[in-house]
Number of protein chains: 2
Amino acid sequence: LPVRSREIHLTRYPAGPVSERHFTLAMVDVPRPQHGEVLVRNTFTSVDPALRIRMAPLAPAGYFPAFPLHQALDGIMTVGVVVDSRTARFAVGDAVWHRFGWREYAIVRADDAGLGGLGALTRLDTARAPVQAYLGPLGGMGLTAWAGLFEIAGLRDGDIVWVSAAAGAVGSLAAQFAKLRGHRVIGSAGSDTKVRYLREELRLDAAFSHRAAPIAAQLAAAAPNGIDVYFDNVGGDHLEVALGALRPGGRVALCGAISEYERPGHGAGPHNLFSAIANELTLRGFRGSSHVRLLEPMQEQVSAWLGSGALHYRESITEGLEHAPRALVAMLGGETLGKTLVRIAE
Amino acid sequence: LPVRSREIHLTRYPAGPVSERHFTLAMVDVPRPQHGEVLVRNTFTSVDPALRIRMAPLAPAGYFPAFPLHQALDGIMTVGVVVDSRTARFAVGDAVWHRFGWREYAIVRADDAGLGGLGALTRLDTARAPVQAYLGPLGGMGLTAWAGLFEIAGLRDGDIVWVSAAAGAVGSLAAQFAKLRGHRVIGSAGSDTKVRYLREELRLDAAFSHRAAPIAAQLAAAAPNGIDVYFDNVGGDHLEVALGALRPGGRVALCGAISEYERPGHGAGPHNLFSAIANELTLRGFRGSSHVRLLEPMQEQVSAWLGSGALHYRESITEGLEHAPRALVAMLGGETLGKTLVRIAE
C-alpha cells in the first residue's frame with residue numbers, strides 16, 4: 001500500500017512579502033521505493049532565507065531554478081529516517097539527510113546527486129550530535145560559514161571581522177568560527193534580543209542592532225580603525241557601510257542579501273563601489289554547496305567545538321509541517337534566532 | 001642661477017565636469033639640486049583618467065589624496081632627461097621617469113619612493129622603445145593591464161574577455177594582451193572611430209560602441225554564451241551589464257570607473273549585485289602601482305611584442321605643457337585614442 005504523505009506546495013509567486021496564503025498543504029500517495037531507492041520519513045526540515053529567492057517566477061540567472069507551482073519543493077535540506085530500502089547502501093533505521101524537504105515522506109535515489117553538490121543522500125552519525133544539527137552547524141550552515149570565512153574571505157591572522165545577521169543560522173557560526181580563531185568580531189542583528197544573544201552568549205567583541213541607530217556610526221564605534229573582512233548576509237545598506245569601512249586589501253564574502261529578497265524588483269546597488277578600487281577590495285559571491293569538499297574537515301572541527309562547549313548554537317523550532325510557511329515568514333521578518341527548523345515527526 | 005620653470009596648478013575643485021578654467025599656468029624658480037637629488041627636464045607627461053579622482057576636495061578614502069590647490073601636481077608620471085645631478089646613481093643625459101609631472105623641470109631625490117610603488121626615479125632604456133612608451137605600454141599602463149588580467153582576473157585558458165574603454169591607454173593593452181594569449185576578446189568604446197580601431201587595428205573578435213545601442217544587447221550579440229572576465233574601466237551601466245553576462249565563476253578586474261568621475265556625488269551601484277552570489281563571481285579592485293613586482297616580466301614580454309609588431313599602440317599627443325588641462329578634458333570627453341600625453345619639450 002502506498003504511504004499517505006502531506007507536503008507543502010507553492011500556489012502562487014508573491015509579488016511583495018511572502019505569506020502563508022502563497023502555500024497549500026497537499027496530501028499525496030508516495031509509492032514504494034523502486035530498486036536503488038529508499039523511502040525516508042522526514043523528521044526535521046530546513047527553513048532558509050535562500051528559499052525565498054526561488055519563490056519568484058524568474059529566479060536570478062545562474063541561481064537554483066524557481067520552485068514550480070503546485071508541486072513538492074525539491075532542493076530543501078531535510079533529515080529523516082529510512083523506513084524502507086531497496087538499496088544495499090542504506091538500511092531501515094538509518095538517519096540520513098537529503099534534499100526533498102517540506103514533506104512527510106520522500107522517495108530518494110541512493111545515487112541522488114543532491115543540489116549543487118550538497119544534499120546527496122548521506123548517512124548521519126547521530127552519536128556525534130542530535131540529528132537536526134546536520135541542518136545547522138554540521139550541515140549546510142556550517143559549511144557556508146566555513147567556506148565563506150576561510151576560503152572566500154581568506155581569513156588571515158589579525159583580521160577584524162564584521163558579520164551581519166550574526167544571530168542567524170550561518171551568521172552565528174561565522175562569527176563564532178572567527179572568534180574561535182582569535183579574531184576581533186563585530187556582529188550585527190535586527191533586535192535588542194539578538195544583540196544581547198551576540199554579546200552574552202556568543203561573546204562577540206561588539207554587537208549592534210541595525211534598527212537602533214545608523215549602521216555606519218555603530219560599526220565605526222565598534223571598529224574605529226576599520227575592518228578587514230565583512231561576511232555579508234544582508235546586502236543593501238549593510239554592504240554599502242562595509243565598503244566604506246574596509247581597510248586596504250579588505251575582503252567581502254557575499255553570502256546572502258536577505259534585505260533584498262522581499263523587494264519587488266531590485267534595490268539599487270552600493271553607491272560607493274569605487275571604494276573597491278581605492279582600497280583594492282575583493283568582493284566574492286559564493287554558495288556553501290559549491291565547497292562540499294570542505295564538509296568533512298568542517299564537521300571534524302565543529303563537532304570538536306560542540307563537544308567541548310566552545311561553540312554555541314540555537315534553534316528556532318516550529319512544530320508541524322503545516323506551519324513551515326509560517327516559520328519562513330517569521331524568519332524573513334527577523335523573529336527567529338539561530339537555525340530555523342520545522343519538526344515534522346519525532 | 002635657478003632654472004625658470006612653468007607648471008600647472010589646480011586653482012579650484014570642479015563641482016561638475018572639469019574644464020581649463022580650473023587650472024592656471026604658474027612660473028616658478030627651481031633651485032639647483034641638493035646632495036642626493038637630480039634636476040630633470042621633463043619631456044612627456046601623462047594624462048590619466050585617475051587624475052580626475054584627485055581633483056576633488058575629498059578624494060575617496062583609501063585613494064591617493066586630493067591634489068592641493070595652487071601647487072604643482074605631485075604624483076603624475078612623467079619622463080625626461082637629467083640635466084643636473086648630485087648623486088652618483090644618475091648622470092646628466094640619463095632618460096628617467098618619476099612622479100613630478102605637469103611641469104617643465106623637477107627636482108627629484110634619487111631615493112624617492114614614487115607613488116604607491118610606481119614612479120620611483122628610474123633610468124629608462126630608450127634603445128628598447130621611444131621614451132614616451134614608458135608612460136604607456138612599458139609603464140603604468142602596461143603594468144595595470146598586465147596585473148588586472150593575469151593577477152586580479154586570473155585569466156585562464158578559454159576565458160572569454162570583455163574590456164571596456166578598449167581604445168584607451170589601459171584598455172587597448174588589456175584587450176591585446178588577452179588576444180595575444182589566445183582568448184576571444186570583445187572591446188567596447190564610445191565612438192564609431194574607436195570601434196573601427198578595435199576591429200581593424202587591434203583585430204579584436206568583436207567591438208561595439210556603447211553609444212550606438214543598448215550595451216547588454218550588443219554584448220549578448222558578441223558573446224551569446226556569456227563572458228568569463230570583465231576588465232572594467234568604466235563602471236556604472238557597463239559593470240551592471242557585465243554582472244548580468246558573467247558565467248559562473250566569472251571575474252571582474254575593477255580598474256577604473258570613468259563614467260563616474262565627473263558626476264557630482266555618486267552614481268547608484270549595480271542593481272544586480274546578487275548575481276555575484278548566484279554565479280559565484282569575484283569583483284576585485286586594484287591599482288597597477290601595487291603590483292610593481294610585475295613590472296620587469298611585463299616589460300620583457302611587452303617589448304618583445306612591440307618589437308615583433310604583434311602589439312599596437314596609439315598616442316594622442318598634445319603639444320605644450322600649457323595645454324595639459326585641455327588634453328585632460330578631451331580625454332575625459334572620449335575624444336582621445338590610446339595613451340593621452342603632453343609633449344613638454346623635445
# chains A, B, ... in the order shown; residues from 1 in each chain; ligands from 1
call {"tool": "interface_residues", "arguments": {"of": "chain B", "to": "chain A", "cutoff": "9 Å", "atoms": "only C-alpha atoms", "output": "VMD selection string"}}
result
chain B and resid 60 to 64 235 244 247 to 248 254 to 257 260 266 to 287
call {"tool": "residues_around", "arguments": {"residues": "range 156-173 of chain A", "least_positions_apart": "3", "cutoff": "9 Å", "atoms": "only C-alpha atoms", "output": "ChimeraX atom specification"}}
result
/A:48,136-137,140-146,150,153,176-178,181-190,194-195,197-198,202,207,219,223,226-234,238,242,250,258,311-315,334,336-340
call {"tool": "residues_around", "arguments": {"residues": "Leu135 in chain A", "least_positions_apart": "3", "cutoff": "8 Å", "atoms": "only C-alpha atoms", "output": "tab-separated table (two decimals) with N, CA and C atoms, in the first residue's frame"}}
result
chain	number	residue	atom	x	y	z
A	45	THR	N	12.91	19.58	8.83
A	45	THR	CA	13.18	20.18	7.53
A	45	THR	C	13.64	21.62	7.73
A	46	SER	N	14.37	22.09	6.78
A	46	SER	CA	15.09	23.36	6.93
A	46	SER	C	14.27	24.53	6.40
A	77	MET	N	16.97	21.15	2.23
A	77	MET	CA	17.66	20.16	3.07
A	77	MET	C	16.76	19.68	4.20
A	78	THR	N	16.85	18.37	4.45
A	78	THR	CA	15.95	17.69	5.37
A	78	THR	C	16.68	16.50	5.99
A	79	VAL	N	16.33	16.17	7.23
A	79	VAL	CA	16.84	14.93	7.82
A	79	VAL	C	15.67	14.01	8.15
A	131	VAL	N	20.27	14.77	15.48
A	131	VAL	CA	20.18	14.70	14.02
A	131	VAL	C	19.97	16.06	13.37
A	132	GLN	N	19.20	16.95	14.03
A	132	GLN	CA	18.92	18.23	13.38
A	132	GLN	C	20.15	19.14	13.32
A	138	LEU	N	26.56	21.28	11.61
A	138	LEU	CA	27.27	20.17	10.95
A	138	LEU	C	26.82	19.98	9.50
A	139	GLY	N	25.97	20.88	9.01
A	139	GLY	CA	25.48	20.74	7.64
A	139	GLY	C	25.77	21.97	6.80
A	140	GLY	N	24.79	22.32	5.99
A	140	GLY	CA	24.98	23.43	5.05
A	140	GLY	C	25.29	24.75	5.72
A	141	MET	N	24.76	24.97	6.92
A	141	MET	CA	25.01	26.25	7.60
A	141	MET	C	26.48	26.33	8.01
call {"tool": "closest_residue", "arguments": {"among": "B:Val292, B:Met331, B:Val18, B:Leu10", "to": "Leu115 in chain B", "atoms": "only C-alpha atoms"}}
result
B:Val292
call {"tool": "atom_distance", "arguments": {"atom1": "CA of Gln34 in chain A", "atom2": "CA of Val47 in chain A"}}
result
29.0 Å
call {"tool": "select_by_dssp", "arguments": {"residues": "range 44-137 of chain B", "states": "strand (DSSP E)", "output": "ChimeraX atom specification"}}
result
/B:44-46,78-85,95-98,105-109,122-123
call {"tool": "residues_around", "arguments": {"residues": "Thr87 in chain B", "least_positions_apart": "3", "cutoff": "10 Å", "atoms": "only C-alpha atoms", "output": "number ranges by chain"}}
result
B: 33-38, 84, 90-91, 109-111
call {"tool": "residues_around", "arguments": {"residues": "Leu149 in chain B", "least_positions_apart": "5", "cutoff": "7 Å", "atoms": "only C-alpha atoms", "output": "JSON, numbers by chain"}}
result
{"B": [154, 155, 174]}
call {"tool": "write_last_selection", "arguments": {"atoms": "all heavy atoms", "output": "compact mmCIF listing (two decimals), in the first residue's frame"}}
result
# COMPACT_ATOMS: atom_id res chain seq x y z
N GLY B 154 42.91 36.69 -12.95
CA GLY B 154 43.39 35.31 -13.02
C GLY B 154 43.00 34.64 -14.32
O GLY B 154 42.43 33.54 -14.31
N LEU B 155 43.32 35.28 -15.45
CA LEU B 155 42.92 34.77 -16.76
C LEU B 155 43.29 33.30 -16.94
O LEU B 155 44.41 32.90 -16.66
CB LEU B 155 43.64 35.62 -17.83
CG LEU B 155 43.03 35.64 -19.22
CD1 LEU B 155 41.64 36.24 -19.19
CD2 LEU B 155 43.92 36.46 -20.16
N ALA B 174 45.12 45.81 -22.38
CA ALA B 174 44.47 44.63 -21.79
C ALA B 174 43.82 43.77 -22.87
O ALA B 174 43.95 42.55 -22.88
CB ALA B 174 43.44 45.07 -20.75
